[in-house]
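Engineer: Input structure: run33.cif, which contains mmCIF, C-alpha atoms and all ligand atoms.
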```cif
data_upload
loop_
_atom_site.label_atom_id
_atom_site.label_comp_id
_atom_site.auth_asym_id
_atom_site.auth_seq_id
_atom_site.Cartn_x
_atom_site.Cartn_y
_atom_site.Cartn_z
CA MET M 877 146.26 24.10 17.07
CA GLU M 878 145.18 22.69 20.40
CA TYR M 879 141.75 24.36 20.36
CA ASP M 880 139.66 25.91 17.58
CA LEU M 881 138.42 29.12 19.21
CA LEU M 882 139.21 31.42 22.11
CA ALA M 883 135.83 32.93 23.11
CA LEU M 884 136.04 35.88 25.47
CA THR M 885 132.98 36.45 27.64
CA LEU M 886 134.01 39.35 29.86
CA ASN M 887 130.51 39.67 31.34
CA PRO M 888 128.99 36.18 31.65
CA SER M 889 125.50 35.72 33.05
CA LEU M 890 123.33 33.03 34.48
CA ASP M 891 120.34 33.22 32.16
CA ARG M 892 117.04 32.61 33.96
CA GLU M 893 114.58 31.81 31.20
CA PHE M 894 110.81 31.68 31.83
CA VAL M 895 108.14 30.77 29.30
CA ILE M 896 104.99 32.65 30.32
CA GLU M 897 101.88 32.92 28.18
CA ASN M 898 100.23 36.34 28.10
CA PHE M 899 102.95 37.94 30.20
CA ASP M 900 102.52 41.53 31.30
CA SER M 901 104.07 43.62 34.04
CA GLY M 902 102.51 44.17 37.47
CA ASN M 903 100.99 40.67 37.88
CA LEU M 904 101.83 37.44 39.70
CA PHE M 905 102.70 34.53 37.43
CA ARG M 906 103.27 30.98 38.67
CA ILE M 907 105.27 28.49 36.62
CA ASN M 908 103.56 25.10 36.95
CA ASN M 909 105.45 23.22 34.26
CA PRO M 910 109.17 22.74 35.09
CA SER M 911 110.09 22.81 31.40
CA ASN M 912 108.91 26.46 31.35
CA SER M 913 111.69 27.58 33.65
CA ASP M 914 115.36 27.10 32.86
CA MET M 915 118.71 28.28 34.16
CA GLU M 916 121.59 28.28 31.67
CA ALA M 917 125.15 29.56 31.55
CA GLY M 918 125.06 32.57 29.24
CA GLY M 919 126.69 35.65 27.88
CA LYS M 920 127.32 35.79 24.14
CA GLY M 921 130.77 34.17 24.09
CA ILE M 922 129.60 31.32 26.31
CA ASN M 923 126.56 30.78 24.06
CA VAL M 924 128.84 30.49 21.03
CA SER M 925 131.06 27.96 22.84
CA LEU M 926 128.00 25.92 23.81
CA MET M 927 126.49 26.00 20.34
CA ILE M 928 129.66 25.11 18.41
CA SER M 929 130.53 22.34 20.85
CA ASP M 930 127.70 20.22 19.39
CA LEU M 931 129.21 20.72 15.93
CA GLY M 932 132.54 19.33 17.14
CA VAL M 933 134.30 22.73 17.35
CA SER M 934 136.37 23.11 20.50
CA SER M 935 136.86 26.34 22.46
CA ILE M 936 138.46 27.90 25.48
CA ASN M 937 136.23 30.38 27.28
CA MET M 938 137.78 33.24 29.26
CA GLY M 939 136.45 36.22 31.18
CA PHE M 940 135.51 37.04 34.77
CA LEU M 941 133.40 34.99 37.18
CA GLY M 942 132.56 35.79 40.79
CA GLY M 943 130.66 34.50 43.81
CA PHE M 944 128.01 31.80 44.00
CA ILE M 945 126.59 32.51 40.52
CA GLY M 946 130.11 32.36 39.08
CA ASN M 947 130.50 28.88 40.59
CA VAL M 948 127.19 27.75 39.11
CA ILE M 949 128.33 28.86 35.63
CA GLN M 950 131.72 27.21 36.08
CA SER M 951 130.18 23.92 37.15
CA LYS M 952 127.60 23.98 34.32
CA LEU M 953 130.36 24.53 31.74
CA SER M 954 132.68 21.94 33.25
CA ILE M 955 130.46 19.08 32.06
CA VAL M 956 130.11 20.26 28.46
CA LYS M 957 132.23 18.49 25.86
CA ASN M 958 134.63 20.54 23.71
CA ILE M 959 134.71 23.48 26.18
CA THR M 960 137.67 24.38 28.39
CA THR M 961 137.26 27.25 30.84
CA ASN M 962 139.93 29.67 32.02
CA PHE M 963 138.13 32.37 34.05
CA ILE M 964 139.63 34.95 36.38
CA TYR M 965 137.80 35.09 39.73
CA CYS M 966 136.61 38.57 40.76
CA THR M 967 135.29 39.70 44.15
CA GLU M 968 131.77 40.71 43.19
CA GLU M 969 129.01 38.33 42.17
CA THR M 970 128.48 37.40 38.49
CA ARG M 971 125.18 38.74 37.12
CA GLU M 972 121.91 36.94 36.47
CA ASN M 973 119.86 37.98 33.42
CA ILE M 974 116.15 37.33 33.10
CA GLU M 975 114.43 36.38 29.86
CA ILE M 976 110.66 36.06 29.67
CA ILE M 977 109.51 34.32 26.52
CA ASP M 978 105.83 34.73 25.67
CA PRO M 979 104.81 32.30 22.90
CA LEU M 980 101.26 33.71 22.71
CA LYS M 981 102.09 37.40 22.46
CA ASN M 982 105.20 36.37 20.49
CA THR M 983 107.56 38.54 22.54
CA ILE M 984 110.83 38.25 24.46
CA THR M 985 111.42 40.52 27.48
CA GLU M 986 115.06 40.72 28.57
CA ILE M 987 116.35 42.22 31.82
CA ASN M 988 120.15 42.37 31.77
CA SER M 989 122.18 43.40 34.82
CA MET M 990 125.45 45.31 34.53
CA GLY M 991 127.71 42.69 36.10
CA PRO M 992 130.43 42.77 38.78
CA PHE M 993 133.04 45.51 39.16
CA ILE M 994 136.42 44.39 37.80
CA ASN M 995 139.44 45.95 39.49
CA GLU M 996 142.83 46.74 37.96
CA ASN M 997 144.52 43.66 39.44
CA ASP M 998 141.92 41.30 38.00
CA LEU M 999 142.26 43.01 34.61
CA ALA M 1000 146.08 42.76 34.70
CA HIS M 1001 145.82 39.08 35.64
CA PHE M 1002 143.36 38.50 32.79
CA MET M 1003 145.55 40.26 30.19
CA LYS M 1004 148.56 38.20 31.19
CA ARG M 1005 146.61 34.97 30.87
CA TYR M 1006 145.03 36.06 27.58
CA LYS M 1007 148.48 36.65 26.06
CA SER M 1008 149.57 33.17 26.98
CA VAL M 1009 146.35 31.29 26.08
CA ILE M 1010 146.02 32.93 22.66
CA SER M 1011 148.93 30.83 21.36
CA LEU M 1012 146.66 27.76 21.57
CA VAL M 1013 144.16 28.98 18.93
CA ASP M 1014 143.84 30.58 15.49
CA HIS M 1015 140.45 32.26 16.06
CA VAL M 1016 139.45 34.82 18.72
CA LEU M 1017 135.92 36.07 19.49
CA VAL M 1018 134.95 39.00 21.72
CA SER M 1019 131.28 39.24 22.44
CA GLY M 1020 128.67 41.02 24.57
CA SER M 1021 128.71 43.86 27.08
CA ILE M 1022 131.67 44.72 29.31
CA PRO M 1023 131.36 44.81 33.12
CA PRO M 1024 132.01 48.02 35.10
CA GLY M 1025 135.63 48.89 35.83
CA LEU M 1026 136.99 47.84 32.42
CA PRO M 1027 138.19 50.57 30.03
CA ILE M 1028 136.16 51.12 26.86
CA THR M 1029 139.32 50.28 24.92
CA ILE M 1030 139.28 46.71 26.23
CA TYR M 1031 137.93 44.99 23.08
CA SER M 1032 140.14 47.16 20.90
CA ASP M 1033 143.22 46.18 22.96
CA LEU M 1034 142.31 42.47 22.86
CA ILE M 1035 141.63 42.51 19.10
CA SER M 1036 144.76 44.52 18.40
CA TYR M 1037 146.88 41.89 20.17
CA ALA M 1038 145.06 39.02 18.42
CA LYS M 1039 145.57 40.65 15.00
CA LYS M 1040 149.30 41.11 15.67
CA GLN M 1041 149.46 37.39 16.38
CA GLY M 1042 147.80 36.69 13.01
CA LYS M 1043 144.50 35.41 14.46
CA THR M 1044 141.09 35.56 12.78
CA THR M 1045 138.99 37.92 14.89
CA TYR M 1046 135.24 38.20 15.52
CA MET M 1047 133.11 40.68 17.48
CA GLU M 1048 129.43 40.89 18.39
CA ALA M 1049 128.55 43.87 20.61
CA ASN M 1050 127.26 47.43 20.61
CA GLY M 1051 128.04 50.63 22.50
CA PRO M 1052 131.21 52.68 23.06
CA HIS M 1053 133.54 49.64 23.42
CA PHE M 1054 132.22 48.29 20.09
CA GLU M 1055 132.70 51.59 18.25
CA GLU M 1056 136.15 52.14 19.74
CA THR M 1057 137.18 48.74 18.33
CA ILE M 1058 135.65 49.34 14.88
CA ARG M 1059 137.48 52.67 14.58
CA ASN M 1060 140.89 51.50 15.83
CA ASN M 1061 141.24 47.73 15.40
CA CYS M 1062 138.38 46.49 13.28
CA PRO M 1063 137.91 42.69 13.60
CA MET M 1064 137.47 40.52 10.49
CA VAL M 1065 133.90 39.50 11.31
CA VAL M 1066 131.61 42.10 12.85
CA LYS M 1067 128.02 41.65 14.00
CA PRO M 1068 126.50 44.68 15.72
CA ASP M 1069 124.09 43.72 18.50
CA LEU M 1070 120.97 45.67 17.55
CA ARG M 1071 118.65 44.36 20.29
CA LYS M 1072 118.57 47.53 22.37
CA SER M 1073 119.77 50.27 20.09
CA THR M 1074 119.97 50.66 16.34
CA ARG M 1075 122.31 53.63 16.55
CA ILE M 1076 125.80 52.80 15.23
CA LEU M 1077 128.74 55.04 14.38
CA GLY M 1078 126.57 58.11 14.94
CA LYS M 1079 123.78 56.93 12.62
CA ASN M 1080 120.24 55.77 13.48
CA LEU M 1081 119.50 52.75 11.34
CA GLU M 1082 116.08 53.37 9.82
CA THR M 1083 116.13 53.11 6.03
CA ILE M 1084 117.95 50.56 3.91
CA GLU M 1085 120.34 53.38 2.87
CA ASP M 1086 121.32 53.86 6.55
CA TYR M 1087 122.17 50.16 6.82
CA LEU M 1088 124.15 50.29 3.58
CA GLU M 1089 126.11 53.35 4.73
CA VAL M 1090 127.04 51.86 8.12
CA GLY M 1091 127.74 48.32 6.85
CA GLU M 1092 130.00 49.63 4.07
CA LYS M 1093 131.77 51.94 6.52
CA ILE M 1094 132.64 48.94 8.75
CA ILE M 1095 134.00 47.15 5.67
CA ASP M 1096 136.10 50.27 4.92
CA TYR M 1097 137.47 50.08 8.47
CA GLY M 1098 138.83 46.63 7.53
CA ALA M 1099 136.13 44.02 8.28
CA ARG M 1100 135.84 41.13 5.81
CA LEU M 1101 132.29 40.24 6.79
CA VAL M 1102 129.60 42.37 8.44
CA ILE M 1103 126.19 41.02 9.43
CA MET M 1104 123.40 43.38 10.44
CA SER M 1105 119.97 42.11 11.35
CA TYR M 1106 117.39 43.93 9.30
CA HIS M 1107 113.71 44.17 10.27
CA VAL M 1108 113.71 41.08 12.54
CA PHE M 1109 113.65 38.24 10.00
CA GLY M 1110 116.17 39.60 7.49
CA ASP M 1111 119.94 40.11 7.61
CA MET M 1112 122.17 42.36 5.56
CA VAL M 1113 125.50 40.78 4.69
CA PHE M 1114 128.47 42.91 3.62
CA THR M 1115 131.80 41.71 2.22
CA LYS M 1116 134.42 43.44 0.07
CA ASP M 1117 132.65 41.95 -2.99
CA GLY M 1118 129.18 43.34 -2.36
CA THR M 1119 126.09 43.43 -0.18
CA TRP M 1120 123.32 40.86 0.11
CA LEU M 1121 119.95 40.72 1.79
CA PHE M 1122 119.03 37.37 3.34
CA THR M 1123 115.33 37.01 4.09
CA ALA M 1124 113.77 34.07 5.91
CA THR M 1125 111.06 32.39 3.83
CA LYS M 1126 110.04 30.11 6.71
CA GLU M 1127 107.57 31.48 9.24
CA ILE M 1128 109.57 32.33 12.37
CA GLU M 1129 108.13 32.76 15.86
CA ARG M 1130 109.49 36.01 17.24
CA SER M 1131 109.52 34.41 20.70
CA HIS M 1132 111.97 31.80 19.42
CA LEU M 1133 114.64 34.39 18.57
CA PHE M 1134 116.43 34.27 21.95
CA GLY M 1135 120.07 33.42 21.18
CA ALA M 1136 119.50 33.51 17.38
CA GLY M 1137 122.26 36.13 16.97
CA ASP M 1138 124.71 33.87 18.82
CA ALA M 1139 123.59 30.97 16.62
CA PHE M 1140 124.38 33.12 13.55
CA MET M 1141 127.87 33.86 14.89
CA SER M 1142 128.35 30.16 15.79
CA GLY M 1143 127.57 29.17 12.20
CA ILE M 1144 130.07 31.71 10.81
CA VAL M 1145 132.82 30.63 13.23
CA THR M 1146 132.19 26.94 12.48
CA TYR M 1147 132.27 27.50 8.70
CA LEU M 1148 135.50 29.55 8.72
CA ILE M 1149 137.21 27.06 11.03
CA LYS M 1150 136.11 23.91 9.21
CA LYS M 1151 135.79 25.00 5.59
CA GLY M 1152 138.00 28.08 5.07
CA TYR M 1153 137.65 31.71 4.13
CA ASP M 1154 134.63 32.03 1.86
CA TYR M 1155 132.86 34.82 3.77
CA LEU M 1156 129.60 34.77 1.81
CA GLU M 1157 129.24 31.00 2.25
CA ALA M 1158 130.12 31.42 5.95
CA ALA M 1159 127.30 33.97 6.25
CA LYS M 1160 124.87 31.56 4.54
CA PHE M 1161 125.84 28.82 6.99
CA GLY M 1162 125.41 31.34 9.84
CA MET M 1163 121.93 32.30 8.62
CA ALA M 1164 120.97 28.61 8.31
CA ALA M 1165 122.31 28.00 11.85
CA ALA M 1166 120.25 30.93 13.17
CA ILE M 1167 117.11 29.62 11.43
CA SER M 1168 117.75 26.13 12.84
CA SER M 1169 117.93 27.66 16.33
CA THR M 1170 114.46 29.19 15.92
CA ASN M 1171 113.03 25.65 15.79
CA TYR M 1172 113.63 25.65 19.56
CA ILE M 1173 112.58 28.00 22.35
CA GLY M 1174 115.92 27.96 24.25
CA LYS M 1175 119.52 28.58 23.11
CA ILE M 1176 119.83 25.47 20.96
CA LEU M 1177 121.47 25.03 17.56
CA GLY M 1178 120.29 22.33 15.16
CA ALA M 1179 122.58 19.44 14.24
CA GLU M 1180 124.75 19.90 11.11
CA GLU M 1181 122.19 18.12 8.83
CA GLU M 1182 119.39 20.33 10.20
CA ILE M 1183 121.50 23.44 9.52
CA GLU M 1184 122.18 22.27 5.94
CA MET M 1185 118.43 21.75 5.43
CA CYS M 1186 117.75 25.29 6.71
CA LYS M 1187 119.80 26.68 3.78
CA SER M 1188 116.60 26.35 1.71
CA LYS M 1189 114.60 28.39 4.24
CA PHE M 1190 115.84 31.84 3.20
CA LYS M 1191 116.35 33.76 0.00
CA VAL M 1192 119.55 35.54 -0.95
CA GLU M 1193 119.39 38.77 -2.98
CA LYS M 1194 122.45 40.75 -4.09
CA ILE M 1195 121.60 44.40 -3.55
CA ARG M 1196 124.95 46.05 -4.30
O1 LIG G 1201 124.19 42.06 28.31
P1 LIG G 1201 124.91 41.52 27.09
O2 LIG G 1201 126.28 41.04 27.44
O3 LIG G 1201 124.87 42.45 25.93
O4 LIG G 1201 124.07 40.26 26.57
C1 LIG G 1201 123.97 39.13 27.40
C2 LIG G 1201 122.87 38.22 26.93
O5 LIG G 1201 121.59 38.85 26.90
O6 LIG G 1201 123.14 37.82 25.59
C3 LIG G 1201 122.86 36.44 25.42
C4 LIG G 1201 121.88 36.27 24.29
O7 LIG G 1201 122.46 36.70 23.10
C5 LIG G 1201 122.35 35.93 26.76
O8 LIG G 1201 122.89 34.67 27.04
C6 LIG G 1201 122.84 36.94 27.75
O9 LIG G 1201 122.04 37.03 28.90
#
```
If you took the structure in this file and wrote it as structure tokens, what would it be?
Structural biologist:
Amino acid sequence: MEYDLLALTLNPSLDREFVIENFDSGNLFRINNPSNSDMEAGGKGINVSLMISDLGVSSINMGFLGGFIGNVIQSKLSIVKNITTNFIYCTEETRENIEIIDPLKNTITEINSMGPFINENDLAHFMKRYKSVISLVDHVLVSGSIPPGLPITIYSDLISYAKKQGKTTYMEANGPHFEETIRNNCPMVVKPDLRKSTRILGKNLETIEDYLEVGEKIIDYGARLVIMSYHVFGDMVFTKDGTWLFTATKEIERSHLFGAGDAFMSGIVTYLIKKGYDYLEAAKFGMAAAISSTNYIGKILGAEEEIEMCKSKFKVEKIR
């Protein structure tokens, strides 16, 4: 295949990241050290493309970009190796998201905008291009929120088409578009985004039994691998062969978790593309990739050797 992955980022963002000690609302903060303020191309699919590019995995990134911010994202991506972009230009401005990382209070505050309105013509144009570009890859990822104007069936429609073409499919999201896809066209790898809400498929995730019920239900819908973050530093891993709890044994700064979920997905994608379909091993590589990313404040993945070393930084327990 010409490229390894088609990553769909329907709602990209320019991530404005600030490191502020002792942050609280209602005060003036000045950033005096330039390294404490960054501006990166973001959105989950873009993050995965950026992270896997350093591991030599190539991708095409598609979605919608608009206005000045859209141009900034396009130009930032255009200089990254192993990434090809194929965005549809929409009329409204692409969003900017704000992340405030507080290393003293050990918190991350995220303010995410809803993104530009996408009209029917732009959607039709996108679908046409998607159906032609998909022939260049074997793996398709849909990730993140969807901008206003798109139907909640959008991920389900995209995954349905990808599955008919025999592609390996991945999804990280939450909300009605996520649930619609699980119920109708469940992707092979599913990672619910639990940052804002831990309610999935009508269930509030509180006890370990709740996680088991929902994870196993997603497997019954047809997923081969489900990853659910569990109590911040743990992850529950579901396959058809059982359920495992991965728990980090290394001390992890909560403030270093920005982008850790995308690092996890990047590790899984990289493993399945390079090594083949051992889902449990792919999850272990994903967990190691996520742990390697917590060595850094920004959205950075460790090099392959660093990821391998991080395999000893978590314990794996079979719970079912
Ligand atoms: O608003 P969404 O689409 O759910 O999430 C978008 C986002 O918060 O996710 C990434 C971190 O995972 C950031 O790059 C980006 O700003």
Engineer: Report, in Å with one decimal, the straight-line distance from CA of Tyr1172 in chain M to CA of Asp1138 in chain M.
Structural biologist: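 Rounded to one decimal, the two atoms are 13.8 Å apart.
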Engineer: Could you list, as a list in words, every residue within 10 Å of Lys1160 in chain M, counting all atoms listed in the file and ignoring same-chain residues fewer than 2 positions away?
Structural biologist: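 Surrounding residues, per the criterion: Val1113, Phe1122, Phe1140, Gly1143, Ile1144, Tyr1147, Tyr1155, Leu1156, Glu1157, Ala1158, Gly1162, Met1163, Ala1164, Ala1165, Ala1166, Glu1184, Cys1186, Lys1187, Phe1190, Lys1191 and Val1192 of chain M.
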Engineer: Tell me, counting all atoms listed in the file, for each residue of chain M within 10 Å of ligand LIG 1201 (chain G), which pair of atoms is nearest and how far apart they are in Å to one decimal, in rows ordered by chain and increasing number, as CSV.
Structural biologist:
```
residue,atom,partner,partner_atom,distance
M:Thr885,CA,G:LIG1201,O2,8.1
M:Leu886,CA,G:LIG1201,O2,8.3
M:Asn887,CA,G:LIG1201,O2,5.9
M:Pro888,CA,G:LIG1201,O2,7.0
M:Ser889,CA,G:LIG1201,O9,5.6
M:Leu890,CA,G:LIG1201,O9,7.0
M:Asp891,CA,G:LIG1201,O9,5.3
M:Arg892,CA,G:LIG1201,O9,8.4
M:Glu893,CA,G:LIG1201,O9,9.4
M:Glu916,CA,G:LIG1201,O8,8.0
M:Ala917,CA,G:LIG1201,O8,7.2
M:Gly918,CA,G:LIG1201,O8,3.7
M:Gly919,CA,G:LIG1201,O8,4.0
M:Lys920,CA,G:LIG1201,C3,4.7
M:Gly921,CA,G:LIG1201,C3,8.3
M:Ile922,CA,G:LIG1201,O8,7.5
M:Asn923,CA,G:LIG1201,O8,6.1
M:Val924,CA,G:LIG1201,O7,9.1
M:Arg971,CA,G:LIG1201,O9,9.0
M:Glu972,CA,G:LIG1201,O9,7.6
M:Asn973,CA,G:LIG1201,O9,5.1
M:Ile974,CA,G:LIG1201,O9,7.2
M:Glu975,CA,G:LIG1201,O9,7.7
M:Glu986,CA,G:LIG1201,O5,7.0
M:Ile987,CA,G:LIG1201,O5,7.9
M:Asn988,CA,G:LIG1201,O1,5.3
M:Ser989,CA,G:LIG1201,O1,6.9
M:Met990,CA,G:LIG1201,O1,7.1
M:Gly991,CA,G:LIG1201,O1,8.6
M:Ser1019,CA,G:LIG1201,O2,7.3
M:Gly1020,CA,G:LIG1201,O2,3.7
M:Ser1021,CA,G:LIG1201,O2,3.7
M:Ile1022,CA,G:LIG1201,O2,6.8
M:Pro1023,CA,G:LIG1201,O2,8.5
M:Glu1048,CA,G:LIG1201,O3,8.9
M:Ala1049,CA,G:LIG1201,O3,6.6
M:Asn1050,CA,G:LIG1201,O3,7.7
M:Gly1051,CA,G:LIG1201,O3,9.4
M:Asp1069,CA,G:LIG1201,O3,7.6
M:Leu1070,CA,G:LIG1201,O3,9.8
M:Arg1071,CA,G:LIG1201,O3,8.6
M:Lys1072,CA,G:LIG1201,O3,8.8
M:Leu1133,CA,G:LIG1201,O7,9.3
M:Phe1134,CA,G:LIG1201,C4,6.3
M:Gly1135,CA,G:LIG1201,O7,4.5
M:Ala1136,CA,G:LIG1201,O7,7.2
M:Gly1137,CA,G:LIG1201,O7,6.2
M:Asp1138,CA,G:LIG1201,O7,5.6
M:Ala1139,CA,G:LIG1201,O7,8.7
M:Lys1175,CA,G:LIG1201,O8,8.0
```
Engineer: For a quick check of understanding, using only C-alpha atoms, which of M:Met915, M:Cys966, M:Ile1128, M:Leu1034 has the smallest distance to Val948 in chain M?
Structural biologist: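 Among the listed residues, the smallest separation from Val948 in chain M belongs to M:Met915.
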Engineer: Which one of M:Val956, M:Ile1103, M:Met877, M:Leu1026 sits closest to Glu996 in chain M if you count all atoms listed in the file?
Structural biologist: M:Leu1026
Engineer: Name all residues at most 9 Å from range 982-984 of chain M (count only C-alpha atoms; drop same-chain ones fewer than 3 positions away) and give them as a tab-separated table (two decimals) with C-alpha atoms, in the coordinates of the input.
Structural biologist:
```
chain	number	residue	atom	x	y	z
M	899	PHE	CA	102.95	37.94	30.20
M	975	GLU	CA	114.43	36.38	29.86
M	976	ILE	CA	110.66	36.06	29.67
M	977	ILE	CA	109.51	34.32	26.52
M	978	ASP	CA	105.83	34.73	25.67
M	979	PRO	CA	104.81	32.30	22.90
M	1129	GLU	CA	108.13	32.76	15.86
M	1130	ARG	CA	109.49	36.01	17.24
M	1131	SER	CA	109.52	34.41	20.70
M	1132	HIS	CA	111.97	31.80	19.42
M	1133	LEU	CA	114.64	34.39	18.57
M	1134	PHE	CA	116.43	34.27	21.95
```
Engineer: With all atoms listed in the file as the basis for distance, which of M:Asn937, M:Asn995, M:Ser1188, M:Thr1044 is at the shortest distance from Tyr1153 in chain M?
Structural biologist: M:Thr1044
